[in-house]
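**Student:** entry30.csv is reproduced in full below (CSV, C-alpha atoms and all ligand atoms).
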```
chain,number,residue,atom,x,y,z
E,527,MET,CA,-14.7,18.6,-37.3
E,528,ALA,CA,-13.5,15.0,-36.8
E,529,PHE,CA,-12.1,13.5,-33.6
E,530,ASP,CA,-8.5,14.8,-33.1
E,531,LEU,CA,-6.7,13.3,-30.2
E,532,GLU,CA,-3.7,15.7,-30.4
E,533,SER,CA,-6.0,18.7,-29.9
E,534,LEU,CA,-7.6,17.1,-26.8
E,535,VAL,CA,-4.4,16.3,-24.9
E,536,ARG,CA,-3.1,18.9,-22.4
E,537,ASP,CA,0.1,20.6,-23.6
E,538,ASN,CA,2.0,19.8,-20.5
E,539,ILE,CA,1.3,16.1,-21.1
E,540,LYS,CA,2.3,16.3,-24.7
E,541,ASP,CA,5.6,18.0,-23.8
E,542,LEU,CA,6.3,15.7,-20.9
E,543,VAL,CA,9.5,13.7,-20.9
E,544,PRO,CA,8.4,10.7,-18.8
E,545,TYR,CA,10.5,9.3,-16.0
E,546,SER,CA,12.5,6.4,-17.2
E,547,SER,CA,12.9,3.6,-14.7
E,548,ALA,CA,15.8,1.1,-14.6
E,549,ARG,CA,13.5,-1.8,-15.6
E,550,SER,CA,12.0,0.2,-18.5
E,551,GLU,CA,15.5,1.0,-19.9
E,552,TYR,CA,16.8,-2.6,-19.9
E,553,SER,CA,14.8,-5.7,-21.0
E,554,GLY,CA,17.3,-8.3,-22.1
E,555,GLY,CA,18.4,-11.6,-20.7
E,556,ALA,CA,21.0,-10.4,-18.2
E,557,LYS,CA,21.6,-12.4,-15.1
E,558,ILE,CA,23.1,-9.8,-12.8
E,559,PHE,CA,21.0,-6.7,-12.1
E,560,LEU,CA,22.9,-3.9,-10.4
E,561,ASP,CA,20.8,-1.2,-12.1
E,562,ALA,CA,17.9,-0.4,-9.8
E,563,ASN,CA,19.4,-0.2,-6.2
E,564,GLU,CA,17.3,-3.2,-5.2
E,565,ASN,CA,18.3,-5.3,-2.2
E,566,ALA,CA,20.6,-8.0,-3.4
E,567,TYR,CA,20.3,-9.8,0.0
E,568,GLY,CA,16.6,-10.5,-0.3
E,569,SER,CA,13.6,-9.2,1.5
E,570,ALA,CA,12.9,-8.7,5.2
E,571,SER,CA,9.6,-10.6,4.8
E,572,GLY,CA,11.2,-13.7,3.4
E,573,ALA,CA,8.9,-13.5,0.4
E,574,PRO,CA,10.6,-13.1,-3.0
E,575,TYR,CA,9.8,-9.5,-3.7
E,576,SER,CA,13.1,-7.7,-3.5
E,577,ARG,CA,13.0,-6.9,-7.2
E,578,TYR,CA,10.9,-4.2,-8.9
E,579,PRO,CA,7.9,-5.5,-10.9
E,580,ASP,CA,7.5,-5.5,-14.7
E,581,PRO,CA,6.6,-1.8,-15.3
E,582,VAL,CA,4.4,-2.6,-18.3
E,583,GLN,CA,2.8,-5.8,-17.0
E,584,SER,CA,3.5,-7.7,-20.3
E,585,GLU,CA,2.3,-11.1,-19.2
E,586,ILE,CA,-1.1,-9.8,-17.9
E,587,LYS,CA,-1.6,-7.9,-21.1
E,588,GLN,CA,-0.9,-11.0,-23.2
E,589,LEU,CA,-3.4,-13.1,-21.3
E,590,LEU,CA,-6.0,-10.3,-21.0
E,591,ALA,CA,-5.6,-9.6,-24.8
E,592,ARG,CA,-6.5,-13.3,-25.5
E,593,GLU,CA,-9.4,-13.2,-23.1
E,594,ASN,CA,-10.9,-10.1,-24.9
E,595,ALA,CA,-9.8,-10.8,-28.5
E,596,ILE,CA,-7.8,-7.6,-28.8
E,597,SER,CA,-4.1,-6.9,-29.1
E,598,PRO,CA,-2.0,-6.1,-26.0
E,599,GLU,CA,-1.1,-2.7,-27.4
E,600,HIS,CA,-4.7,-1.7,-26.8
E,601,ILE,CA,-4.5,-2.5,-23.0
E,602,PHE,CA,-3.4,-0.3,-20.1
E,603,ILE,CA,-3.1,-2.0,-16.7
E,604,ALA,CA,-4.0,0.2,-13.7
E,605,ASN,CA,-3.8,0.1,-9.9
E,606,GLY,CA,-7.6,-0.4,-9.9
E,607,SER,CA,-9.8,1.2,-12.5
E,608,ASP,CA,-9.9,4.2,-10.1
E,609,GLU,CA,-6.3,4.9,-11.1
E,610,ALA,CA,-7.3,4.9,-14.8
E,611,ILE,CA,-10.1,7.3,-14.1
E,612,ASP,CA,-7.7,9.7,-12.5
E,613,LEU,CA,-5.0,9.4,-15.1
E,614,LEU,CA,-7.5,10.0,-18.0
E,615,ILE,CA,-8.8,13.1,-16.4
E,616,ARG,CA,-5.3,14.4,-16.0
E,617,ILE,CA,-4.3,13.6,-19.6
E,618,PHE,CA,-7.3,15.5,-21.1
E,619,CYS,CA,-8.7,18.1,-18.7
E,620,ARG,CA,-7.0,21.4,-17.9
E,621,PRO,CA,-7.6,22.3,-14.2
E,622,GLY,CA,-10.0,25.3,-13.9
E,623,ILE,CA,-10.9,25.2,-17.6
E,624,ASP,CA,-12.2,21.9,-18.9
E,625,GLY,CA,-15.0,19.7,-17.7
E,626,ILE,CA,-16.4,16.2,-17.7
E,627,ILE,CA,-20.0,14.9,-18.1
E,628,THR,CA,-21.4,12.3,-15.8
E,629,CYS,CA,-24.9,10.7,-15.8
E,630,PRO,CA,-26.1,10.3,-12.2
E,631,PRO,CA,-27.1,8.3,-10.3
E,632,THR,CA,-23.7,6.7,-11.1
E,633,TYR,CA,-20.3,5.7,-9.7
E,634,GLY,CA,-19.0,8.6,-7.5
E,635,MET,CA,-15.4,8.4,-8.5
E,636,TYR,CA,-15.7,10.2,-11.8
E,637,ALA,CA,-16.9,13.4,-10.1
E,638,VAL,CA,-14.5,13.0,-7.2
E,639,ALA,CA,-11.4,12.5,-9.5
E,640,ALA,CA,-12.6,15.5,-11.5
E,641,GLN,CA,-12.9,17.7,-8.4
E,642,ILE,CA,-9.5,16.7,-7.1
E,643,ASN,CA,-8.1,17.8,-10.4
E,644,GLU,CA,-10.2,21.1,-10.3
E,645,VAL,CA,-12.2,19.9,-13.3
E,646,ALA,CA,-15.8,20.9,-13.6
E,647,VAL,CA,-18.5,18.3,-13.6
E,648,LYS,CA,-21.7,18.6,-15.7
E,649,ARG,CA,-24.4,16.3,-14.6
E,650,VAL,CA,-26.9,15.0,-17.1
E,651,GLY,CA,-29.3,12.7,-15.1
E,652,LEU,CA,-30.5,9.3,-16.4
E,653,ILE,CA,-34.1,9.1,-17.6
E,654,ASP,CA,-36.8,6.5,-17.6
E,655,GLY,CA,-35.5,3.0,-16.9
E,656,PHE,CA,-32.2,4.5,-15.8
E,657,GLN,CA,-31.2,5.0,-19.4
E,658,LEU,CA,-29.1,7.8,-21.1
E,659,ASP,CA,-30.6,11.1,-21.9
E,660,THR,CA,-28.7,11.3,-25.2
E,661,ARG,CA,-30.1,14.7,-26.2
E,662,GLY,CA,-29.2,16.2,-22.8
E,663,ILE,CA,-25.7,14.7,-23.1
E,664,GLN,CA,-25.3,16.2,-26.5
E,665,ALA,CA,-26.5,19.6,-25.2
E,666,ALA,CA,-23.7,19.4,-22.5
E,667,PHE,CA,-20.9,18.7,-25.0
E,668,GLU,CA,-20.0,22.4,-25.8
E,669,PRO,CA,-17.8,24.1,-25.3
E,670,THR,CA,-15.6,22.8,-22.4
E,671,ALA,CA,-16.6,19.2,-21.9
E,672,LYS,CA,-13.6,17.0,-22.8
E,673,MET,CA,-14.9,13.7,-21.5
E,674,VAL,CA,-18.1,11.7,-20.9
E,675,PHE,CA,-18.2,9.0,-18.3
E,676,LEU,CA,-20.8,6.3,-18.8
E,677,CYS,CA,-21.2,3.2,-16.6
E,678,SER,CA,-22.7,0.0,-18.0
E,679,PRO,CA,-24.0,-1.9,-16.2
E,680,ASN,CA,-24.5,1.2,-14.1
E,681,ASN,CA,-23.7,1.4,-10.4
E,682,PRO,CA,-25.9,1.9,-8.3
E,683,THR,CA,-28.9,1.1,-10.6
E,684,GLY,CA,-27.6,-2.2,-11.8
E,685,ASN,CA,-28.8,-2.0,-15.4
E,686,LEU,CA,-27.0,-2.1,-18.7
E,687,LEU,CA,-27.2,1.1,-20.8
E,688,GLU,CA,-28.7,0.5,-24.2
E,689,THR,CA,-26.0,-0.1,-26.8
E,690,ASP,CA,-27.6,2.2,-29.4
E,691,ALA,CA,-27.5,5.1,-27.0
E,692,LEU,CA,-23.9,4.4,-26.0
E,693,LEU,CA,-22.8,4.3,-29.6
E,694,GLN,CA,-24.8,7.5,-30.3
E,695,VAL,CA,-22.8,9.3,-27.7
E,696,VAL,CA,-19.5,7.8,-28.9
E,697,LYS,CA,-20.3,8.8,-32.5
E,698,ARG,CA,-21.5,12.4,-31.8
E,699,PHE,CA,-19.0,13.5,-29.2
E,700,LYS,CA,-15.6,14.8,-30.4
E,701,GLY,CA,-14.2,14.3,-27.0
E,702,ILE,CA,-13.3,11.2,-25.1
E,703,VAL,CA,-16.1,8.7,-24.1
E,704,VAL,CA,-15.2,6.4,-21.2
E,705,ILE,CA,-17.5,3.4,-20.7
E,706,ASP,CA,-17.0,1.7,-17.3
E,707,GLU,CA,-17.7,-2.0,-17.6
E,708,ALA,CA,-16.9,-3.0,-14.0
E,709,TYR,CA,-19.9,-5.3,-13.9
E,710,ILE,CA,-20.0,-6.5,-17.6
E,711,HIS,CA,-19.3,-10.1,-16.8
E,712,TYR,CA,-22.6,-10.3,-14.9
E,713,ALA,CA,-24.6,-8.9,-17.8
E,714,ASN,CA,-26.1,-10.6,-20.8
E,715,GLY,CA,-24.7,-7.8,-23.0
E,716,MET,CA,-21.7,-7.5,-25.1
E,717,SER,CA,-18.6,-5.6,-24.0
E,718,MET,CA,-17.9,-2.5,-26.0
E,719,ILE,CA,-14.2,-3.5,-26.3
E,720,GLY,CA,-15.0,-4.8,-29.8
E,721,GLU,CA,-15.9,-1.2,-30.8
E,722,ILE,CA,-12.5,0.3,-30.0
E,723,GLY,CA,-11.2,-0.3,-33.5
E,724,ASN,CA,-14.1,1.6,-34.9
E,725,HIS,CA,-14.0,4.6,-32.5
E,726,PRO,CA,-10.7,6.3,-31.6
E,727,ASN,CA,-12.4,8.3,-28.8
E,728,LEU,CA,-13.7,5.3,-27.0
E,729,ILE,CA,-12.1,4.0,-23.8
E,730,VAL,CA,-13.5,0.9,-22.0
E,731,LEU,CA,-12.7,0.3,-18.3
E,732,GLN,CA,-12.8,-3.1,-16.7
E,733,THR,CA,-11.6,-4.3,-13.3
E,734,PHE,CA,-10.4,-7.4,-11.5
E,735,SER,CA,-12.3,-6.3,-8.4
E,736,LYS,CA,-15.8,-7.7,-9.2
E,737,ALA,CA,-16.2,-10.8,-11.4
E,738,TRP,CA,-12.6,-11.9,-11.0
E,739,GLY,CA,-13.0,-11.6,-7.2
E,740,LEU,CA,-9.7,-9.8,-6.6
E,741,ALA,CA,-10.6,-6.4,-5.2
E,742,GLY,CA,-7.8,-6.6,-2.6
E,743,LEU,CA,-5.1,-6.7,-5.3
E,744,ARG,CA,-6.2,-3.3,-6.8
E,745,VAL,CA,-5.9,-4.1,-10.6
E,746,GLY,CA,-8.0,-2.7,-13.4
E,747,ALA,CA,-7.6,-2.2,-17.1
E,748,ALA,CA,-8.3,0.4,-19.7
E,749,PHE,CA,-8.9,-0.7,-23.3
E,750,ALA,CA,-8.3,2.0,-25.9
E,751,SER,CA,-6.6,3.1,-29.1
E,752,GLU,CA,-2.8,2.6,-29.1
E,753,PRO,CA,-2.1,6.4,-28.9
E,754,ILE,CA,-4.3,6.7,-25.8
E,755,VAL,CA,-2.6,3.6,-24.2
E,756,ARG,CA,0.7,5.3,-24.9
E,757,LEU,CA,-0.4,8.5,-23.1
E,758,LEU,CA,-1.6,6.5,-20.0
E,759,ASN,CA,1.8,4.7,-19.9
E,760,LYS,CA,3.6,8.0,-20.2
E,761,ILE,CA,2.0,9.5,-17.1
E,762,LYS,CA,1.5,6.5,-14.8
E,763,LEU,CA,3.7,5.9,-11.8
E,764,PRO,CA,6.7,3.8,-13.0
E,765,TYR,CA,5.7,0.6,-11.1
E,766,ASN,CA,2.0,1.0,-10.6
E,767,VAL,CA,1.1,-2.7,-10.1
E,768,SER,CA,3.0,-4.7,-7.5
E,769,SER,CA,4.7,-8.0,-8.3
E,770,ALA,CA,2.4,-9.9,-5.9
E,771,ALA,CA,-0.6,-8.5,-7.7
E,772,GLN,CA,0.8,-9.3,-11.1
E,773,LEU,CA,1.5,-12.9,-10.1
E,774,LEU,CA,-2.0,-13.5,-8.7
E,775,ILE,CA,-3.7,-11.8,-11.6
E,776,ILE,CA,-1.8,-14.0,-14.1
E,777,GLU,CA,-3.0,-17.1,-12.1
E,778,ALA,CA,-6.5,-15.8,-12.3
E,779,LEU,CA,-6.4,-15.2,-16.0
E,780,GLN,CA,-5.1,-18.7,-16.5
E,781,ASN,CA,-8.3,-19.9,-14.8
E,782,SER,CA,-11.0,-17.8,-16.4
E,783,GLU,CA,-13.3,-20.8,-16.3
E,784,GLY,CA,-13.2,-20.5,-12.5
E,785,MET,CA,-14.3,-16.8,-12.9
E,786,ARG,CA,-17.1,-17.8,-15.2
E,787,LYS,CA,-18.4,-20.4,-12.8
E,788,ARG,CA,-18.5,-17.9,-9.9
E,789,VAL,CA,-20.3,-15.4,-12.1
E,790,ALA,CA,-22.9,-18.1,-13.0
E,791,ARG,CA,-23.4,-18.9,-9.3
E,792,THR,CA,-23.8,-15.2,-8.5
E,793,ILE,CA,-26.4,-14.7,-11.2
E,794,ASP,CA,-28.4,-17.7,-9.9
E,795,GLU,CA,-28.3,-16.2,-6.4
E,796,ARG,CA,-29.2,-12.8,-7.7
E,797,VAL,CA,-32.4,-14.2,-9.3
E,798,LYS,CA,-33.3,-16.0,-6.1
E,799,LEU,CA,-32.6,-13.1,-3.8
E,800,ALA,CA,-34.6,-10.7,-6.0
E,801,ALA,CA,-37.6,-13.0,-5.9
E,802,ALA,CA,-37.3,-13.4,-2.1
E,803,LEU,CA,-37.0,-9.6,-1.5
E,804,CYS,CA,-40.1,-8.9,-3.7
E,805,ARG,CA,-42.3,-10.8,-1.3
E,806,PHE,CA,-41.7,-8.4,1.6
E,807,SER,CA,-44.2,-5.7,2.3
E,808,ALA,CA,-41.3,-3.5,3.5
E,809,VAL,CA,-39.9,-3.8,-0.1
E,810,GLU,CA,-41.6,-1.6,-2.7
E,811,ARG,CA,-39.4,-2.5,-5.7
E,812,VAL,CA,-36.5,-4.6,-6.7
E,813,HIS,CA,-34.9,-3.0,-9.8
E,814,PRO,CA,-33.8,-5.4,-12.5
E,815,SER,CA,-30.1,-6.1,-12.3
E,816,ASP,CA,-27.3,-6.9,-14.8
E,817,ALA,CA,-24.7,-6.8,-12.0
E,818,ASN,CA,-23.8,-8.5,-8.8
E,819,PHE,CA,-26.0,-6.3,-6.7
E,820,LEU,CA,-29.6,-5.3,-6.4
E,821,LEU,CA,-31.0,-1.8,-6.0
E,822,VAL,CA,-34.0,-2.2,-3.7
E,823,GLN,CA,-36.5,0.5,-3.0
E,824,VAL,CA,-38.0,0.0,0.5
E,825,VAL,CA,-40.7,1.7,2.5
E,826,ASN,CA,-38.3,3.2,5.1
E,827,SER,CA,-34.6,2.9,4.0
E,828,PHE,CA,-33.2,4.6,7.0
E,829,ASP,CA,-35.0,2.3,9.4
E,830,LEU,CA,-34.3,-0.9,7.6
E,831,TYR,CA,-30.7,0.1,7.0
E,832,ASN,CA,-30.2,0.6,10.7
E,833,PHE,CA,-32.0,-2.5,11.7
E,834,LEU,CA,-29.8,-4.6,9.4
E,835,LEU,CA,-26.7,-2.8,10.6
E,836,ALA,CA,-27.6,-3.6,14.3
E,837,SER,CA,-28.1,-7.2,13.2
E,838,GLY,CA,-24.5,-7.3,11.7
E,839,VAL,CA,-25.6,-7.0,8.0
E,840,VAL,CA,-24.1,-4.0,6.2
E,841,VAL,CA,-25.8,-2.9,3.0
E,842,ARG,CA,-25.3,0.4,1.2
E,843,ASP,CA,-27.8,3.2,1.7
E,844,ARG,CA,-28.2,4.9,-1.6
E,845,SER,CA,-31.3,6.9,-0.7
E,846,ASN,CA,-29.5,10.2,-1.1
E,847,ALA,CA,-28.5,9.5,-4.8
E,848,SER,CA,-30.7,11.1,-7.4
E,849,MET,CA,-33.7,8.9,-8.6
E,850,CYS,CA,-32.8,6.5,-5.7
E,851,ASP,CA,-35.3,7.7,-3.0
E,852,GLY,CA,-35.7,5.0,-0.4
E,853,CYS,CA,-33.1,2.7,-2.1
E,854,LEU,CA,-30.6,0.3,-0.5
E,855,ARG,CA,-28.0,-1.3,-2.7
E,856,ILE,CA,-27.5,-4.9,-1.7
E,857,THR,CA,-24.6,-7.0,-2.9
E,858,VAL,CA,-25.5,-10.6,-3.8
E,859,GLY,CA,-23.9,-12.7,-1.1
E,860,THR,CA,-23.4,-16.5,-0.7
E,861,PRO,CA,-26.6,-18.5,-0.3
E,862,LYS,CA,-26.0,-18.6,3.5
E,863,GLU,CA,-25.4,-14.8,3.7
E,864,ASN,CA,-28.5,-14.1,1.6
E,865,GLU,CA,-30.5,-16.5,3.8
E,866,ILE,CA,-29.5,-14.5,6.9
E,867,LEU,CA,-30.3,-11.2,5.1
E,868,ILE,CA,-33.8,-12.5,4.4
E,869,GLN,CA,-34.2,-13.8,7.9
E,870,LYS,CA,-33.2,-10.4,9.3
E,871,ILE,CA,-35.8,-8.6,7.1
E,872,GLU,CA,-38.4,-11.1,8.4
E,873,GLU,CA,-37.4,-10.1,11.9
E,874,TYR,CA,-37.6,-6.4,10.9
E,875,GLU,CA,-41.2,-6.8,9.6
E,876,ALA,CA,-42.2,-8.7,12.7
E,877,SER,CA,-40.7,-5.9,14.9
E,878,LEU,CA,-42.8,-3.3,13.0
E,879,ILE,CA,-46.0,-4.9,14.1
E,880,HIS,CA,-45.0,-4.6,17.8
E,881,ARG,CA,-44.0,-0.9,17.5
E,882,PRO,CA,-46.2,1.7,19.0
X,901,LIG,C1,-16.3,-1.4,-8.2
X,901,LIG,C2,-16.3,-0.4,-9.4
X,901,LIG,C3,-15.1,-0.2,-10.0
X,901,LIG,C4,-13.8,-0.8,-9.6
X,901,LIG,O1,-12.8,0.0,-9.2
X,901,LIG,P1,-11.4,-0.6,-8.8
X,901,LIG,O2,-10.6,0.6,-8.6
X,901,LIG,O3,-10.9,-1.3,-10.1
X,901,LIG,O4,-11.6,-1.5,-7.7
X,901,LIG,C5,-15.1,0.7,-11.1
X,901,LIG,N1,-16.2,1.2,-11.5
X,901,LIG,C6,-17.4,1.0,-11.0
X,901,LIG,C7,-18.6,1.5,-11.5
X,901,LIG,C8,-17.5,0.1,-9.8
X,901,LIG,O5,-18.6,-0.1,-9.3
```
Translate the structure described by the file into structure tokens.
Ligand SMILES: *Cc1c(COP(=O)(O)O)cnc(C)c1O

**Tutor:**
Amino acid sequence: MAFDLESLVRDNIKDLVPYSSARSEYSGGAKIFLDANENAYGSASGAPYSRYPDPVQSEIKQLLARENAISPEHIFIANGSDEAIDLLIRIFCRPGIDGIITCPPTYGMYAVAAQINEVAVKRVGLIDGFQLDTRGIQAAFEPTAKMVFLCSPNNPTGNLLETDALLQVVKRFKGIVVIDEAYIHYANGMSMIGEIGNHPNLIVLQTFSKAWGLAGLRVGAAFASEPIVRLLNKIKLPYNVSSAAQLLIIEALQNSEGMRKRVARTIDERVKLAAALCRFSAVERVHPSDANFLLVQVVNSFDLYNFLLASGVVVRDRSNASMCDGCLRITVGTPKENEILIQKIEEYEASLIHRP
């Protein structure tokens, strides 16, 4: 049986008559807008935000389409990729009946969004080198799995997933495969966006929160077939991305060179930081990274985490995640921040010598 989008979409979503907002019903060149009950006297803040934003974020899509060599009809703009994850689960998974597959250790939001929607989560752990267990994933397809969530480069392990394995899952699964590329700009690998034309079940997520440096604006994107983008548009909140966010995202997209420069600096620092961390006896292993963070296995993660915290440096304790025993996840900071981190770990090691 081939991939059949119609048969995967929940009936209530298929039957839905979406809310029609004022701004989606009119898009001409009128000068007087008395259609949306906005405040004609301006905003209380003084900033020019008394009008509703573009509900379909046309300008962002134009620029992002050019950036990724794909047409705007293949792009959905979300209030952070977290919104896209939630919407996708709600389009395809029937509460109490269907399920998703995740490959831990990985980003926690796939399972959380599923559980909020009463959707079961089947977990197929990563195997050697934090790569996909493609056979295990295949065994988990039937009969209720509607979606597979894959993360490449993966959070918290930091590595790219092998392209062959990703494509194998995309080709074999008759459900939806979501590949989360939140960190792709830091990796030496190709985005899977180029594969969307070949695979109607493939959805690629990206975000403005990492390489673009705009986490505070809450904007992400889903790249997919036109029918899937139409479904996302059908169920999203009418004005899901604010005018302020749209304005600033457009500015950022017009300066993608600035983004690339920051990515290059981050990668330089990642290499230096990894080398510096490897020299500590408190550090057992620095995992290779294709992202803007390092997964670092240490001798006593609880102890080091608390020491750093008391010194004003917050890292992420991932030691409870599967395959991540004793691991801290450390975001690559500025040269100065990384220097302080290294200095604090030196102090930590010195303190160990003096402990009873
Ligand atoms: C940070 C991150 C995101 C970004 O989510 P936003 O809602 O766009 O900020 C998505 N996926 C992964 C794996 C991440 O680590």

**Student:** Calculated over only C-alpha atoms, which of the candidates E:Gln664, E:Ser782, E:Ser569, E:Asn680 has the smallest distance to E:Gly701?

**Tutor:** E:Gln664

**Student:** Can I get the residues close to ligand LIG 901 (chain X) as a list of chain:residue names, where close means within 7 Å and we count only C-alpha atoms and all ligand atoms?

**Tutor:** E:Asn605, E:Gly606, E:Ser607, E:Asp608, E:Glu609, E:Tyr633, E:Cys677, E:Asn680, E:Asn681, E:Asp706, E:Ala708, E:Thr733, E:Phe734, E:Ser735, E:Lys736, E:Ala741, E:Arg744, E:Val745, E:Gly746

**Student:** Using all atoms listed in the file for the distances, tell me which of E:Val543, E:Ala876, E:Ala691, E:Val638 is nearest to E:Gly662.

**Tutor:**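 Nearest to E:Gly662: E:Ala691.
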
**Student:** Taking all atoms listed in the file into account, name the residue in E:Arg616, E:Ala737, E:Pro598, E:Asp561 that is nearest to E:Glu585.

**Tutor:**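 Checking each of E:Arg616, E:Ala737, E:Pro598, E:Asp561 against E:Glu585, counting all atoms listed in the file, the winner is E:Pro598.
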
**Student:** Find, counting all atoms listed in the file, the residue in E:Gly838, E:Gly655, E:Pro764, E:Gly622 that gets nearest to E:Ile603.

**Tutor:** E:Pro764

**Student:** Here is a test: counting all atoms listed in the file, which residue of E:Asp654, E:Glu564, E:Asp659, E:Asp851 is nearest to E:Cys629?

**Tutor:**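 Of E:Asp654, E:Glu564, E:Asp659, E:Asp851, the one nearest E:Cys629, counting all atoms listed in the file, is E:Asp659.
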
**Student:** I'd like to know which of E:Met785, E:Ile623, E:Ala778, E:Ile871 is closest to E:Ser827, using all atoms listed in the file.

**Tutor:**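 Looking at the shortest contact to E:Ser827, the residue is E:Ile871.
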
**Student:** Give me, as a ChimeraX atom specification, all polymer residues having an atom no more than 12 Å from E:Arg536, counting only C-alpha atoms and skipping those fewer than 3 positions away in the same chain.

**Tutor:** /E:531-533,539-542,614-621,623-624,672,757,761

**Student:** Have a look at atom CA of E:Thr683 and atom CA of E:Leu740 and let me know their distance in Å, one decimal.

**Tutor:**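 Taking atom CA of E:Thr683 as the start and atom CA of E:Leu740 as the end point, the length is 22.4 Å.
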
**Student:** Which distance in Å separates atom CA of E:Pro753 and atom CA of E:Arg698, to one decimal?

**Tutor:** 20.5 Å

**Student:** Between atom CA of E:Ala750 and atom CA of E:Glu777, what is the distance, to one decimal in Å?

**Tutor:** 24.2 Å

**Student:** Excluding stretch 798-812 of chain E and any residue of its chain fewer than 4 positions from it, enumerate the residues within 6 Å of it, using only C-alpha atoms, and give them as a ChimeraX atom specification.

**Tutor:** /E:822-825

**Student:** With all atoms listed in the file as the counted atoms, please give the residues lying no more than 8 Å from E:Ile793, apart from itself and same-chain residues fewer than 3 positions off, as JSON, numbers by chain.

**Tutor:** {"E": [712, 789, 790, 796, 797, 818]}

**Student:** For a quick check of your reading of the model, name the residues lying within 12 Å of the coordinate (-36.5, -9.2, 9.2), counting only C-alpha atoms, and write them as a tab-separated table (two decimals) with C-alpha atoms, in the frame of the given file.

**Tutor:**
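Contents of the output file selection_31.tsv:
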```
chain	number	residue	atom	x	y	z
E	803	LEU	CA	-37.00	-9.60	-1.50
E	806	PHE	CA	-41.70	-8.40	1.60
E	807	SER	CA	-44.20	-5.70	2.30
E	808	ALA	CA	-41.30	-3.50	3.50
E	809	VAL	CA	-39.90	-3.80	-0.10
E	829	ASP	CA	-35.00	2.30	9.40
E	830	LEU	CA	-34.30	-0.90	7.60
E	831	TYR	CA	-30.70	0.10	7.00
E	832	ASN	CA	-30.20	0.60	10.70
E	833	PHE	CA	-32.00	-2.50	11.70
E	834	LEU	CA	-29.80	-4.60	9.40
E	835	LEU	CA	-26.70	-2.80	10.60
E	836	ALA	CA	-27.60	-3.60	14.30
E	837	SER	CA	-28.10	-7.20	13.20
E	839	VAL	CA	-25.60	-7.00	8.00
E	865	GLU	CA	-30.50	-16.50	3.80
E	866	ILE	CA	-29.50	-14.50	6.90
E	867	LEU	CA	-30.30	-11.20	5.10
E	868	ILE	CA	-33.80	-12.50	4.40
E	869	GLN	CA	-34.20	-13.80	7.90
E	870	LYS	CA	-33.20	-10.40	9.30
E	871	ILE	CA	-35.80	-8.60	7.10
E	872	GLU	CA	-38.40	-11.10	8.40
E	873	GLU	CA	-37.40	-10.10	11.90
E	874	TYR	CA	-37.60	-6.40	10.90
E	875	GLU	CA	-41.20	-6.80	9.60
E	876	ALA	CA	-42.20	-8.70	12.70
E	877	SER	CA	-40.70	-5.90	14.90
E	878	LEU	CA	-42.80	-3.30	13.00
E	879	ILE	CA	-46.00	-4.90	14.10
```

**Student:** When you look at E:Leu676 with a cut-off of 9 Å (counting all atoms listed in the file), what residues show up, excluding the ones that are within fewer than 3 positions of it in the same chain? I need them as a list of chain:residue names.

**Tutor:**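 Final neighbour list, sorted by chain and number: E:Ile627, E:Thr628, E:Cys629, E:Thr632, E:Leu658, E:Asn680, E:Leu687, E:Leu692, E:Val703, E:Val704, E:Ile705, E:Asp706, E:Glu707.
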
**Student:** Which residues, written as a PyMOL selection string, have at least one atom at most 12 Å from E:Phe529, with all atoms listed in the file counted and residues fewer than 5 positions away on the same chain left out?

**Tutor:** chain E and resi 534-535+672+696-703+725-728

**Student:** In file coordinates, which residues lie within 7 Å of (-26.9, -5.7, -14.7) using only C-alpha atoms, given as an MDAnalysis selection string?

**Tutor:** chainID E and resid 679 684:686 712:713 815:817

**Student:** Return the padded bounding box of stretch 591-603 of chain E as JSON: axis-aligned, built from all atoms listed in the file, 3 Å added on each side, with centre and edge lengths in Å to one decimal.

**Tutor:**
```
{"center_x": -6.0, "center_y": -6.8, "center_z": -22.9, "size_x": 15.8, "size_y": 19.0, "size_z": 18.4}
```
